[in-house]
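Q: So that you have it, the file is structure_37.txt, and it contains compact mmCIF, C-alpha atoms:
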```txt
# COMPACT_ATOMS: atom_id res chain seq x y z
CA MET L 559 -110.82 71.26 87.85
CA VAL L 560 -107.47 69.54 88.34
CA ARG L 561 -106.23 67.64 85.27
CA HIS L 562 -103.26 65.27 85.33
CA LEU L 563 -101.34 65.26 82.05
CA LYS L 564 -98.67 62.99 83.52
CA THR L 565 -98.74 60.84 86.65
CA GLY L 566 -96.14 58.91 88.62
CA ARG L 567 -96.10 55.47 90.19
CA MET L 568 -99.14 54.28 92.05
CA PRO L 569 -99.14 54.50 95.90
CA LYS L 570 -99.43 50.70 96.15
CA GLN L 571 -96.05 50.30 94.44
CA ALA L 572 -94.49 52.87 96.76
CA ARG L 573 -95.79 51.00 99.81
CA ALA L 574 -94.27 47.75 98.59
CA ASP L 575 -90.93 49.48 98.09
CA ALA L 576 -91.16 50.97 101.59
CA LYS L 577 -91.67 47.56 103.18
CA LYS L 578 -88.51 46.20 101.53
CA VAL L 579 -86.54 49.19 102.80
CA ARG L 580 -87.99 48.79 106.29
CA ASP L 581 -86.99 45.14 106.57
CA ILE L 582 -83.42 45.73 105.36
CA VAL L 583 -82.94 48.64 107.77
CA THR L 584 -84.26 46.69 110.74
CA GLY L 585 -81.76 43.89 110.08
CA ILE L 586 -78.79 46.26 109.87
CA ILE L 587 -79.73 48.11 113.06
CA GLU L 588 -80.19 44.88 114.99
CA ASP L 589 -76.86 43.54 113.73
CA ILE L 590 -74.90 46.64 114.74
CA GLU L 591 -76.63 46.78 118.11
CA ALA L 592 -75.68 43.15 118.76
CA ARG L 593 -72.13 43.04 117.36
CA GLY L 594 -70.91 46.64 117.30
CA ASP L 595 -67.75 47.36 115.33
CA ALA L 596 -67.56 43.85 113.86
CA ALA L 597 -70.96 44.25 112.22
CA LEU L 598 -70.14 47.81 111.21
CA ARG L 599 -67.05 46.64 109.34
CA GLU L 600 -68.82 43.79 107.60
CA ILE L 601 -71.72 45.97 106.46
CA SER L 602 -69.42 48.77 105.31
CA GLU L 603 -67.38 46.30 103.30
CA LYS L 604 -70.53 44.79 101.80
CA PHE L 605 -72.19 48.02 100.70
CA ASP L 606 -69.30 50.46 100.24
CA LYS L 607 -66.25 48.21 99.77
CA TRP L 608 -64.74 50.23 102.62
CA ASN L 609 -63.01 48.79 105.69
CA PRO L 610 -60.18 51.08 106.86
CA ALA L 611 -58.09 50.68 110.01
CA SER L 612 -60.25 53.41 111.57
CA PHE L 613 -63.47 54.93 110.32
CA ARG L 614 -62.60 58.13 112.18
CA LEU L 615 -60.30 60.41 110.19
CA SER L 616 -57.12 61.57 111.90
CA PRO L 617 -55.99 65.22 111.81
CA HIS L 618 -53.37 64.19 109.23
CA GLU L 619 -56.00 62.58 106.99
CA ILE L 620 -58.21 65.67 107.29
CA GLU L 621 -55.36 67.98 106.31
CA ALA L 622 -54.53 65.71 103.36
CA CYS L 623 -58.10 66.11 102.12
CA LEU L 624 -57.91 69.90 102.38
CA ALA L 625 -54.62 69.88 100.48
CA GLN L 626 -56.33 68.24 97.49
CA LEU L 627 -58.63 71.23 96.98
CA SER L 628 -57.78 74.44 95.20
CA GLN L 629 -57.91 77.76 97.04
CA ARG L 630 -60.98 78.63 94.96
CA ASN L 631 -62.70 75.46 96.17
CA LEU L 632 -61.91 76.30 99.78
CA ASP L 633 -63.01 79.91 99.37
CA ASP L 634 -66.31 78.80 97.82
CA ILE L 635 -66.96 76.43 100.73
CA LYS L 636 -66.16 79.21 103.20
CA PHE L 637 -68.48 81.61 101.37
CA ALA L 638 -71.39 79.15 101.50
CA GLN L 639 -70.76 78.41 105.16
CA ALA L 640 -70.70 82.13 105.94
CA GLN L 641 -74.18 82.50 104.43
CA VAL L 642 -75.54 79.54 106.40
CA ARG L 643 -73.84 80.74 109.58
CA ASN L 644 -75.12 84.29 109.22
CA PHE L 645 -78.74 83.22 108.77
CA ALA L 646 -78.49 80.67 111.59
CA GLN L 647 -77.12 83.37 113.91
CA VAL L 648 -80.03 85.64 113.07
CA GLN L 649 -82.42 82.77 113.80
CA ARG L 650 -80.62 82.01 117.08
CA SER L 651 -81.03 85.62 118.17
CA THR L 652 -84.82 85.19 118.05
CA ILE L 653 -84.75 82.34 120.59
CA LYS L 654 -84.96 83.97 124.00
CA ASP L 655 -84.95 82.77 127.59
CA ILE L 656 -88.00 84.11 129.40
CA GLU L 657 -89.14 84.62 132.99
CA THR L 658 -92.41 86.12 134.12
CA GLU L 659 -94.42 86.51 137.34
CA THR L 660 -97.81 85.06 136.39
CA LEU L 661 -99.36 85.60 139.84
CA PRO L 662 -98.01 87.45 142.88
CA GLY L 663 -95.14 85.27 144.09
CA VAL L 664 -95.34 82.74 141.23
CA VAL L 665 -92.47 82.91 138.73
CA LEU L 666 -92.38 80.78 135.56
CA GLY L 667 -89.75 80.67 132.87
CA HIS L 668 -87.89 78.69 130.29
CA LYS L 669 -84.26 78.25 129.33
CA ASN L 670 -82.93 77.36 125.91
CA MET L 671 -80.06 74.88 126.00
CA PRO L 672 -78.26 73.06 123.16
CA VAL L 673 -78.29 69.28 123.14
CA ASP L 674 -75.00 67.78 124.29
CA SER L 675 -74.05 65.84 121.16
CA VAL L 676 -75.20 65.59 117.56
CA GLY L 677 -74.39 63.25 114.69
CA CYS L 678 -74.54 65.02 111.33
CA TYR L 679 -75.04 62.69 108.37
CA VAL L 680 -73.80 63.96 105.01
CA PRO L 681 -74.96 61.87 102.02
CA GLY L 682 -72.30 61.03 99.46
CA GLY L 683 -72.96 57.79 97.65
CA LYS L 684 -73.88 59.18 94.21
CA TYR L 685 -72.66 62.73 94.76
CA PRO L 686 -70.41 64.23 97.44
CA LEU L 687 -73.02 66.51 99.00
CA VAL L 688 -70.70 69.19 100.34
CA ALA L 689 -73.60 71.51 101.15
CA SER L 690 -75.15 69.08 103.62
CA ALA L 691 -72.12 69.57 105.86
CA HIS L 692 -72.80 73.30 106.00
CA MET L 693 -76.45 72.80 106.80
CA SER L 694 -75.94 70.47 109.75
CA VAL L 695 -72.47 71.04 111.20
CA VAL L 696 -72.42 74.84 110.93
CA THR L 697 -75.97 75.18 112.25
CA ALA L 698 -75.29 72.85 115.20
CA LYS L 699 -72.23 74.87 116.14
CA VAL L 700 -74.18 78.15 115.98
CA ALA L 701 -76.68 76.54 118.36
CA GLY L 702 -73.82 75.82 120.77
CA VAL L 703 -73.68 72.02 120.57
CA PRO L 704 -70.39 71.05 122.28
CA ARG L 705 -69.82 67.71 120.46
CA VAL L 706 -70.64 67.54 116.77
CA ILE L 707 -69.82 64.34 114.88
CA ALA L 708 -69.96 64.29 111.09
CA ALA L 709 -70.20 61.13 108.99
CA SER L 710 -70.27 60.57 105.24
CA PRO L 711 -69.72 57.50 103.03
CA PRO L 712 -66.62 57.00 100.91
CA TYR L 713 -66.78 58.48 97.42
CA HIS L 714 -64.99 56.50 94.70
CA GLY L 715 -63.36 54.34 97.34
CA LYS L 716 -62.03 57.02 99.70
CA PRO L 717 -63.14 60.00 101.79
CA SER L 718 -64.39 62.84 99.62
CA PRO L 719 -61.87 65.69 100.01
CA ALA L 720 -64.54 68.35 99.49
CA VAL L 721 -66.97 66.84 102.01
CA VAL L 722 -64.24 66.36 104.59
CA ALA L 723 -63.09 69.94 104.08
CA ALA L 724 -66.63 71.23 104.57
CA MET L 725 -67.08 69.17 107.74
CA HIS L 726 -63.76 70.39 109.13
CA LEU L 727 -64.24 74.05 108.21
CA GLY L 728 -67.78 73.89 109.58
CA GLY L 729 -66.43 72.95 113.00
CA ALA L 730 -66.98 69.18 113.31
CA ASP L 731 -65.26 67.72 116.38
CA GLU L 732 -65.05 64.19 114.95
CA ILE L 733 -65.20 63.11 111.32
CA TYR L 734 -66.02 59.55 110.20
CA CYS L 735 -65.92 58.07 106.73
CA ILE L 736 -68.87 55.72 106.92
CA GLY L 737 -72.25 55.81 105.24
CA GLY L 738 -75.78 54.57 104.98
CA VAL L 739 -77.87 52.83 107.61
CA GLN L 740 -74.71 51.56 109.28
CA ALA L 741 -73.56 55.12 109.95
CA ILE L 742 -76.91 56.16 111.42
CA ALA L 743 -77.06 53.04 113.62
CA ALA L 744 -73.47 53.43 114.85
CA LEU L 745 -73.98 57.09 115.76
CA ALA L 746 -77.27 56.42 117.50
CA LEU L 747 -76.38 53.23 119.35
CA GLY L 748 -72.62 53.56 119.70
CA THR L 749 -70.00 50.88 119.16
CA GLU L 750 -66.68 50.05 120.79
CA SER L 751 -65.02 52.83 118.80
CA ILE L 752 -67.83 55.39 118.44
CA ALA L 753 -69.50 57.05 121.42
CA PRO L 754 -73.24 57.49 120.80
CA VAL L 755 -74.87 60.87 120.27
CA SER L 756 -78.11 62.34 121.58
CA MET L 757 -79.46 63.48 118.22
CA ILE L 758 -79.01 62.66 114.53
CA VAL L 759 -79.66 65.10 111.72
CA GLY L 760 -79.21 65.30 107.98
CA PRO L 761 -80.85 64.13 104.76
CA GLY L 762 -80.33 60.84 102.98
CA ASN L 763 -81.86 58.21 100.75
CA ALA L 764 -84.86 56.09 101.65
CA PHE L 765 -82.69 53.73 103.74
CA VAL L 766 -81.18 56.55 105.78
CA ALA L 767 -84.60 58.12 106.33
CA GLU L 768 -86.01 54.78 107.48
CA ALA L 769 -83.08 54.26 109.86
CA LYS L 770 -83.75 57.62 111.47
CA ARG L 771 -87.43 56.75 111.76
CA GLN L 772 -86.72 53.42 113.46
CA LEU L 773 -84.16 54.91 115.86
CA PHE L 774 -86.24 57.93 116.83
CA GLY L 775 -86.91 57.72 120.55
CA ARG L 776 -83.55 56.22 121.35
CA VAL L 777 -82.12 59.41 119.89
CA GLY L 778 -83.65 62.64 118.73
CA ILE L 779 -83.85 63.41 115.03
CA ASP L 780 -84.43 66.57 113.06
CA LEU L 781 -87.08 65.13 110.74
CA ILE L 782 -87.58 62.38 108.20
CA ALA L 783 -85.68 63.86 105.26
CA GLY L 784 -85.73 61.19 102.59
CA PRO L 785 -85.42 61.37 98.80
CA THR L 786 -85.78 64.97 97.64
CA GLU L 787 -88.95 66.41 96.13
CA THR L 788 -89.63 69.47 94.02
CA LEU L 789 -92.81 71.23 92.95
CA ILE L 790 -92.73 73.91 90.27
CA ILE L 791 -95.72 76.29 90.33
CA ALA L 792 -95.80 78.32 87.11
CA ASP L 793 -98.03 80.28 84.80
CA ASP L 794 -97.57 81.74 81.33
CA THR L 795 -95.14 84.39 82.56
CA VAL L 796 -92.35 81.81 82.15
CA ASP L 797 -91.43 79.31 79.46
CA GLY L 798 -91.03 75.56 79.17
CA GLU L 799 -87.24 75.65 79.19
CA ILE L 800 -86.92 77.17 82.66
CA CYS L 801 -89.61 74.86 84.06
CA ALA L 802 -87.98 71.76 82.58
CA THR L 803 -84.54 72.84 83.77
CA ASP L 804 -85.79 73.30 87.32
CA LEU L 805 -87.63 69.97 87.30
CA LEU L 806 -84.59 68.01 86.11
CA GLY L 807 -82.27 69.97 88.37
CA GLN L 808 -83.84 68.06 91.26
CA ALA L 809 -84.75 64.83 89.44
CA GLU L 810 -81.03 64.09 89.05
CA HIS L 811 -80.75 63.38 92.79
CA GLY L 812 -81.68 59.74 92.33
CA TYR L 813 -84.09 57.21 90.86
CA ASN L 814 -87.00 58.11 93.13
CA THR L 815 -87.23 61.90 93.14
CA PRO L 816 -90.74 63.35 92.68
CA ALA L 817 -90.62 66.33 90.31
CA ILE L 818 -94.01 67.94 89.71
CA LEU L 819 -95.16 70.82 87.52
CA LEU L 820 -98.32 72.59 88.64
CA THR L 821 -99.63 75.21 86.22
CA THR L 822 -102.68 77.09 84.98
CA SER L 823 -101.35 76.97 81.41
CA GLU L 824 -101.88 73.79 79.44
CA LYS L 825 -99.65 75.25 76.74
CA LEU L 826 -96.81 75.65 79.25
CA ALA L 827 -97.42 72.11 80.50
CA HIS L 828 -96.92 70.59 77.05
CA GLU L 829 -93.95 72.84 76.29
CA SER L 830 -92.29 71.84 79.57
CA MET L 831 -92.75 68.13 78.91
CA ALA L 832 -91.22 68.54 75.46
CA GLU L 833 -88.30 70.48 76.95
CA VAL L 834 -87.74 67.76 79.56
CA GLU L 835 -87.25 65.22 76.78
CA ARG L 836 -84.89 67.55 74.89
CA LEU L 837 -82.78 68.21 77.98
CA LEU L 838 -82.64 64.53 78.94
CA ALA L 839 -80.86 63.90 75.64
CA ILE L 840 -77.96 66.16 76.69
CA LEU L 841 -77.98 66.21 80.51
CA PRO L 842 -74.92 64.37 81.92
CA THR L 843 -77.03 63.03 84.80
CA ALA L 844 -79.86 61.86 82.55
CA GLU L 845 -79.42 58.23 83.63
CA LEU L 846 -80.80 59.14 87.05
CA ALA L 847 -83.03 62.04 86.12
CA SER L 848 -84.85 60.16 83.36
CA VAL L 849 -85.90 57.36 85.70
CA SER L 850 -87.16 59.81 88.32
CA TRP L 851 -89.07 61.72 85.67
CA ARG L 852 -90.53 58.54 84.20
CA ASP L 853 -91.61 57.01 87.50
CA PHE L 854 -92.24 60.02 89.75
CA GLY L 855 -92.72 63.02 87.45
CA GLU L 856 -96.14 64.65 87.29
CA VAL L 857 -97.73 67.46 85.32
CA ILE L 858 -100.92 68.94 86.71
CA VAL L 859 -103.08 71.67 85.16
CA CYS L 860 -105.40 73.79 87.32
CA ASP L 861 -108.08 76.30 86.42
CA SER L 862 -107.10 79.04 88.86
CA VAL L 863 -104.43 80.30 91.23
CA GLU L 864 -106.65 79.35 94.16
CA GLU L 865 -106.88 75.79 92.86
CA MET L 866 -103.08 75.68 92.53
CA VAL L 867 -102.72 76.66 96.20
CA ARG L 868 -105.10 73.90 97.28
CA GLU L 869 -103.31 71.33 95.13
CA ALA L 870 -99.87 72.48 96.32
CA ASP L 871 -100.95 72.15 99.95
CA ARG L 872 -102.22 68.64 99.22
CA ILE L 873 -98.87 67.68 97.68
CA ALA L 874 -96.94 69.28 100.59
CA SER L 875 -93.65 69.19 98.71
CA GLU L 876 -90.20 69.63 100.19
CA HIS L 877 -89.23 72.37 97.69
CA VAL L 878 -91.78 74.66 96.11
CA GLN L 879 -90.62 77.02 93.38
CA VAL L 880 -93.13 79.71 92.41
CA MET L 881 -92.81 81.44 89.04
CA THR L 882 -96.06 83.32 88.56
CA ARG L 883 -97.32 86.89 88.18
CA GLU L 884 -97.83 87.21 91.93
CA PRO L 885 -95.52 84.84 93.79
CA GLU L 886 -96.26 86.68 97.05
CA TYR L 887 -99.79 85.27 96.86
CA PHE L 888 -98.37 81.80 97.51
CA LEU L 889 -96.24 83.04 100.40
CA LYS L 890 -99.36 84.51 101.95
CA ASN L 891 -101.72 81.61 101.30
CA MET L 892 -99.75 78.34 101.16
CA LYS L 893 -99.46 76.33 104.36
CA ASN L 894 -97.71 73.03 103.53
CA TYR L 895 -94.16 73.23 102.17
CA GLY L 896 -90.57 72.71 103.25
CA ALA L 897 -89.20 75.85 101.62
CA LEU L 898 -90.53 78.39 99.14
CA PHE L 899 -88.50 79.87 96.30
CA LEU L 900 -90.30 82.96 95.07
CA GLY L 901 -89.88 84.26 91.53
CA PRO L 902 -87.78 83.09 88.58
CA ARG L 903 -84.63 84.82 89.86
CA THR L 904 -84.22 82.24 92.62
CA ASN L 905 -84.35 78.45 92.43
CA VAL L 906 -83.99 75.33 94.52
CA ALA L 907 -80.28 74.95 93.72
CA TYR L 908 -79.58 78.30 95.41
CA GLY L 909 -81.24 77.02 98.56
CA ASP L 910 -79.56 73.64 98.28
CA LYS L 911 -76.05 74.97 97.99
CA VAL L 912 -75.31 78.51 99.03
CA ILE L 913 -77.95 81.15 99.71
CA GLY L 914 -78.10 80.53 103.47
CA THR L 915 -81.41 78.88 104.31
CA ASN L 916 -81.19 75.26 105.39
CA HIS L 917 -81.67 72.53 102.77
CA THR L 918 -82.58 69.71 105.16
CA LEU L 919 -86.34 69.82 104.69
CA PRO L 920 -89.42 67.65 105.27
CA THR L 921 -90.35 65.07 102.64
CA GLY L 922 -93.14 62.52 102.27
CA LYS L 923 -95.85 65.08 103.16
CA ALA L 924 -94.20 65.81 106.52
CA ALA L 925 -94.45 69.50 105.59
CA ARG L 926 -98.03 69.26 106.85
CA TYR L 927 -96.72 69.26 110.43
CA THR L 928 -93.08 70.35 110.52
CA GLY L 929 -90.61 72.73 108.98
CA GLY L 930 -87.01 71.97 108.10
CA LEU L 931 -83.76 71.86 110.01
CA TRP L 932 -82.83 75.14 111.69
CA VAL L 933 -80.81 76.29 114.65
CA GLY L 934 -83.79 75.78 116.97
CA LYS L 935 -83.84 72.03 116.27
CA PHE L 936 -80.59 71.70 118.24
CA ILE L 937 -81.97 73.57 121.25
CA LYS L 938 -84.08 72.22 124.10
CA THR L 939 -86.55 74.68 125.59
CA CYS L 940 -86.94 73.61 129.22
CA THR L 941 -89.31 75.19 131.69
CA TYR L 942 -88.89 75.96 135.40
CA GLN L 943 -91.01 77.39 138.18
CA ARG L 944 -90.34 79.23 141.42
CA VAL L 945 -92.82 80.07 144.19
CA LEU L 946 -91.53 83.02 146.23
CA THR L 947 -93.99 83.40 149.11
CA ASP L 948 -95.93 81.26 151.59
CA GLN L 949 -99.16 82.91 150.48
CA ALA L 950 -98.58 82.04 146.82
CA SER L 951 -97.80 78.40 147.62
CA ALA L 952 -100.91 78.04 149.75
CA ALA L 953 -103.15 79.73 147.22
CA ILE L 954 -101.94 77.57 144.33
CA GLY L 955 -102.07 74.53 146.61
CA GLU L 956 -105.80 74.83 147.29
CA TYR L 957 -106.60 74.86 143.56
CA CYS L 958 -104.16 72.03 142.94
CA SER L 959 -105.60 69.86 145.70
CA ARG L 960 -109.15 70.11 144.39
CA LEU L 961 -108.09 69.48 140.79
CA CYS L 962 -106.07 66.41 141.79
CA VAL L 963 -109.05 64.94 143.64
CA LEU L 964 -111.20 65.62 140.59
CA GLU L 965 -108.91 63.25 138.69
CA GLY L 966 -108.61 60.72 141.52
CA PHE L 967 -104.93 61.48 142.23
CA TYR L 968 -104.94 61.59 146.03
CA GLY L 969 -101.18 61.34 146.38
CA HIS L 970 -100.86 64.35 144.12
CA ALA L 971 -103.47 66.15 146.22
CA GLU L 972 -101.49 65.51 149.39
CA GLN L 973 -98.43 67.14 147.81
CA ALA L 974 -100.54 70.29 147.62
CA ASN L 975 -102.23 69.78 150.99
CA ILE L 976 -99.03 69.61 152.99
CA ARG L 977 -98.01 72.98 151.62
CA VAL L 978 -101.42 74.50 152.33
CA ARG L 979 -101.08 73.31 155.94
CA ARG L 980 -97.52 74.49 156.38
CA TYR L 981 -97.58 77.76 154.46
CA GLY L 982 -101.23 78.76 154.73
CA GLY L 983 -102.08 77.63 158.23
CA ARG L 984 -105.08 75.68 157.02
CA ASN L 985 -105.80 72.05 157.92
CA VAL L 986 -106.45 70.53 154.51
CA ALA L 987 -105.98 66.78 154.93
CA TYR L 988 -106.10 63.79 152.64
CA ALA L 989 -109.18 62.46 154.45
CA THR L 990 -110.97 65.77 153.97
CA ALA L 991 -110.35 65.67 150.25
CA VAL L 992 -111.71 62.13 150.01
CA GLU L 993 -114.76 63.08 152.06
CA GLU L 994 -115.50 66.07 149.83
CA GLU L 995 -115.34 63.88 146.75
CA HIS L 996 -117.61 61.27 148.38
CA ASN L 997 -120.16 63.89 149.40
CA ALA L 998 -120.17 65.38 145.92
CA GLY L 999 -120.83 61.96 144.43
CA ALA L 1000 -123.66 61.26 146.89
CA ALA L 1001 -125.30 64.56 146.01
CA ASP L 1002 -125.37 63.60 142.37
```
Give the structure from the file, written as structure tokens.
A:
Amino acid sequence: MVRHLKTGRMPKQARADAKKVRDIVTGIIEDIEARGDAALREISEKFDKWNPASFRLSPHEIEACLAQLSQRNLDDIKFAQAQVRNFAQVQRSTIKDIETETLPGVVLGHKNMPVDSVGCYVPGGKYPLVASAHMSVVTAKVAGVPRVIAASPPYHGKPSPAVVAAMHLGGADEIYCIGGVQAIAALALGTESIAPVSMIVGPGNAFVAEAKRQLFGRVGIDLIAGPTETLIIADDTVDGEICATDLLGQAEHGYNTPAILLTTSEKLAHESMAEVERLLAILPTAELASVSWRDFGEVIVCDSVEEMVREADRIASEHVQVMTREPEYFLKNMKNYGALFLGPRTNVAYGDKVIGTNHTLPTGKAARYTGGLWVGKFIKTCTYQRVLTDQASAAIGEYCSRLCVLEGFYGHAEQANIRVRRYGGRNVAYATAVEEEHNAGAAD
């Protein structure tokens, strides 16, 4: 039986918060669509106190950012990007064009083509999220996207040198210092100074996630990647300190980060909660982490490993860290998660920053139906068909004609009939098809 030792905010409160976010985002999008750069400047000044001569960074400004970093900083960024690039290249190698002859003279296939332009959003309001540049820009370039735009908000009143360096080293073709909903809207809709893109990717806060949701359809998106989530699955093979550390390591993202402990050990549950309070007294980011833990933290005790799997699939968390006797059991049996981190030697921070898998992952239970950002998200798989012989066209045409009439699509049927007549030498006419349908109905 599942027992909740600590719960978070009620769903009704979350829905009220979501409506406020939705209304604010709608207003910003409509304003930028109507007034372009003028609205963009006003909104940027209002929210970020940022209104430069140009939001796009010049080559000189980019080089100035790189010059502010130490060689160790640059080498660390390059190392992380190499890991992301290597894994993305392996993933890309699994995506193949295909062509097959399904019937004599009938050839079907598909081609994999990158989208023509992508806007990569890199969050940076509270923290300069350098790693998000790797995850989006590097992966898009591995996919072969010819125009990759990167955008991130100012950090302490200016472009973040580390974020700009990561965007540049990752291969971004254009870099903009602009953030929030206004950045997403400008990239999606375009303004006088920013050409629109075909797709927008990257994580962000609740406002950024809502902007992507509202703009989906006008542009493609990777997924709704809102405030981060973490689920720790643990048993008595680990202690409260490591569980608490891993919970707070994600809770520090913001004020609305779900951090959940799922365990079969009530002793570990209580120890972990006590350790959370001890660590909050010394953690430099406790101001954020404590609110997330208070409002969105949960501790759940289950009776069995099987029950933990069921509960974890119900939660469908973005990050799932498994520290149990048999972590492979969860890899084999779990179905709903953004990314799994198996065993105490790994952790979510590795995945977030450097190990090579992508950290843009589904939140808000979206893991029930999608995975995270990967090289395949930037690639369109488009089908084609080729009919090589008269006989094949006529044979397919006869089936097609009858099936079209079955649905009442007589114009469709005639597309098939004309080919049966021309390539098969048979006189299948529109009137004949109608008569056959009428006779069939009369027989019934």
Q: So, with only C-alpha atoms as the atoms that count, which of L:Gly762, L:Gly901, L:Pro681, L:Gly914 lies closest to Val722 in chain L?
A: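 Result for the nearest residue to Val722 in chain L: L:Pro681.
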Q: Residues near Met881 in chain L, anyone? I mean within 7 Å using all atoms listed in the file, not counting same-chain ones fewer than 4 positions away, as a short mmCIF file (atom, residue, chain, number, x, y, z; two decimals) with C-alpha atoms, in the frame of the given file.
A:
```cif
data_model
loop_
_atom_site.label_atom_id
_atom_site.label_comp_id
_atom_site.auth_asym_id
_atom_site.auth_seq_id
_atom_site.Cartn_x
_atom_site.Cartn_y
_atom_site.Cartn_z
CA ILE L 791 -95.72 76.29 90.33
CA ALA L 792 -95.80 78.32 87.11
CA ASP L 793 -98.03 80.28 84.80
CA VAL L 796 -92.35 81.81 82.15
CA PRO L 885 -95.52 84.84 93.79
CA LEU L 900 -90.30 82.96 95.07
CA GLY L 901 -89.88 84.26 91.53
CA PRO L 902 -87.78 83.09 88.58
#
```
Q: Return the single residue from L:Val849, L:Val759, L:Val863, L:Cys962 that is closest to Tyr679 in chain L, with distances computed using all atoms listed in the file.
A: L:Val759
Q: What separation in Å, quoted to one decimal, exists between CA of Asn631 in chain L and CA of Gly738 in chain L?
A: 26.2 Å
Q: Can you tell me, as a list in words, what residues are no more than 12 Å from Ser628 in chain L when counting only C-alpha atoms, ignoring any on the same chain fewer than 5 positions away?
A: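 Non-adjacent residues within range: Cys623, Asp633, Asp634, Ile635, Pro719, Ala720 and Ala723 of chain L.
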Q: Around all of range 779-789 of chain L's listed atoms, make the axis-aligned box with 6 Å on each side and tell me centre and edge lengths in Å to one decimal, as lines of an AutoDock Vina configuration file.
A:
```
center_x = -88.3
center_y = 66.2
center_z = 104.0
size_x = 21.0
size_y = 22.0
size_z = 34.1
```
Q: Within 9 Å of Met693 in chain L, counting all atoms listed in the file, which residues show up once you throw out same-chain ones fewer than 4 positions away? Write them as a list in words, please.
A: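 Non-adjacent residues within range: Gln639, Val642, Arg643, Ala689, Thr697, Ala698, Gly760, Gly914, Thr915, Asn916, His917, Thr918, Leu931 and Trp932 of chain L.
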Q: Nearest to Pro672 in chain L among L:Arg650, L:Lys684, L:His714, L:Lys604, with distances taken over only C-alpha atoms: which residue is it?
A: L:Arg650
Q: Nearest residue to Phe854 in chain L out of L:Ile782, L:Leu806, L:Ala897, L:Val665, using all atoms listed in the file?
A: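 Looking only at the distances to Phe854 in chain L, the closest residue turns out to be L:Leu806.
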Q: Counting only C-alpha atoms, figure out which residue out of L:Val906, L:Met757, L:Leu919, L:Ile656 gets nearest to Ala817 in chain L.
A: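 Closest to Ala817 in chain L of all the choices is L:Val906.
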Q: Of the residues L:Arg868, L:Lys770, L:Arg567, L:Arg599, which is the one nearest to Cys678 in chain L, using only C-alpha atoms?
A: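 Nearest to Cys678 in chain L: L:Lys770.
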Q: Considering only C-alpha atoms, return as an MDAnalysis selection string whatever protein or nucleic-acid residues lie within 7 Å of Val560 in chain L, sequence-local ones (same chain, fewer than 2 positions apart) excluded.
A: chainID L and resid 562 858:860
Q: Restricting the output to C-alpha atoms, write the selected residues as an mmCIF file, in the frame of the given file.
A:
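Written output follows (out_6.cif):
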```cif
data_model
loop_
_atom_site.group_PDB
_atom_site.id
_atom_site.type_symbol
_atom_site.label_atom_id
_atom_site.label_comp_id
_atom_site.auth_asym_id
_atom_site.auth_seq_id
_atom_site.Cartn_x
_atom_site.Cartn_y
_atom_site.Cartn_z
ATOM 1 C CA HIS L 562 -103.260 65.270 85.330
ATOM 2 C CA ILE L 858 -100.920 68.940 86.710
ATOM 3 C CA VAL L 859 -103.080 71.670 85.160
ATOM 4 C CA CYS L 860 -105.400 73.790 87.320
#
```
Q: Find the residues around Ala924 in chain L up to 8 Å (only C-alpha atoms counted), leave out those fewer than 3 positions away in its own chain, and share them as JSON, numbers by chain.
A: {"L": [782, 874, 920, 921, 927, 928]}
Q: Could you write out the selected residues, including C-alpha atoms, as a PDB file, in the coordinates of the input?
A:
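Just written: part18.pdb:
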```pdb
ATOM      1  CA  ILE L 782     -87.580  62.380 108.200  1.00  0.00           C
ATOM      2  CA  ALA L 874     -96.940  69.280 100.590  1.00  0.00           C
ATOM      3  CA  PRO L 920     -89.420  67.650 105.270  1.00  0.00           C
ATOM      4  CA  THR L 921     -90.350  65.070 102.640  1.00  0.00           C
ATOM      5  CA  TYR L 927     -96.720  69.260 110.430  1.00  0.00           C
ATOM      6  CA  THR L 928     -93.080  70.350 110.520  1.00  0.00           C
TER       7      THR L 928
END
```
Q: What is the distance, in Å and to one decimal place, between CA of Glu829 in chain L and CA of Gly922 in chain L?
A: 28.0 Å
Q: For a quick check of your reading of the model, name the residues lying within 10 Å of the coordinate (-79.5, 83.6, 104.7), counting only C-alpha atoms, and write them as a PyMOL selection string.
A: chain L and resi 638+640-649+909+912-916
Q: Take the residues just selected and output them with C-alpha atoms as a PDB file, in the coordinates of the input.
A:
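Okay, this is what ended up in part-v9.pdb:
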```pdb
ATOM      1  CA  ALA L 638     -71.390  79.150 101.500  1.00  0.00           C
ATOM      2  CA  ALA L 640     -70.700  82.130 105.940  1.00  0.00           C
ATOM      3  CA  GLN L 641     -74.180  82.500 104.430  1.00  0.00           C
ATOM      4  CA  VAL L 642     -75.540  79.540 106.400  1.00  0.00           C
ATOM      5  CA  ARG L 643     -73.840  80.740 109.580  1.00  0.00           C
ATOM      6  CA  ASN L 644     -75.120  84.290 109.220  1.00  0.00           C
ATOM      7  CA  PHE L 645     -78.740  83.220 108.770  1.00  0.00           C
ATOM      8  CA  ALA L 646     -78.490  80.670 111.590  1.00  0.00           C
ATOM      9  CA  GLN L 647     -77.120  83.370 113.910  1.00  0.00           C
ATOM     10  CA  VAL L 648     -80.030  85.640 113.070  1.00  0.00           C
ATOM     11  CA  GLN L 649     -82.420  82.770 113.800  1.00  0.00           C
ATOM     12  CA  GLY L 909     -81.240  77.020  98.560  1.00  0.00           C
ATOM     13  CA  VAL L 912     -75.310  78.510  99.030  1.00  0.00           C
ATOM     14  CA  ILE L 913     -77.950  81.150  99.710  1.00  0.00           C
ATOM     15  CA  GLY L 914     -78.100  80.530 103.470  1.00  0.00           C
ATOM     16  CA  THR L 915     -81.410  78.880 104.310  1.00  0.00           C
ATOM     17  CA  ASN L 916     -81.190  75.260 105.390  1.00  0.00           C
TER      18      ASN L 916
END
```
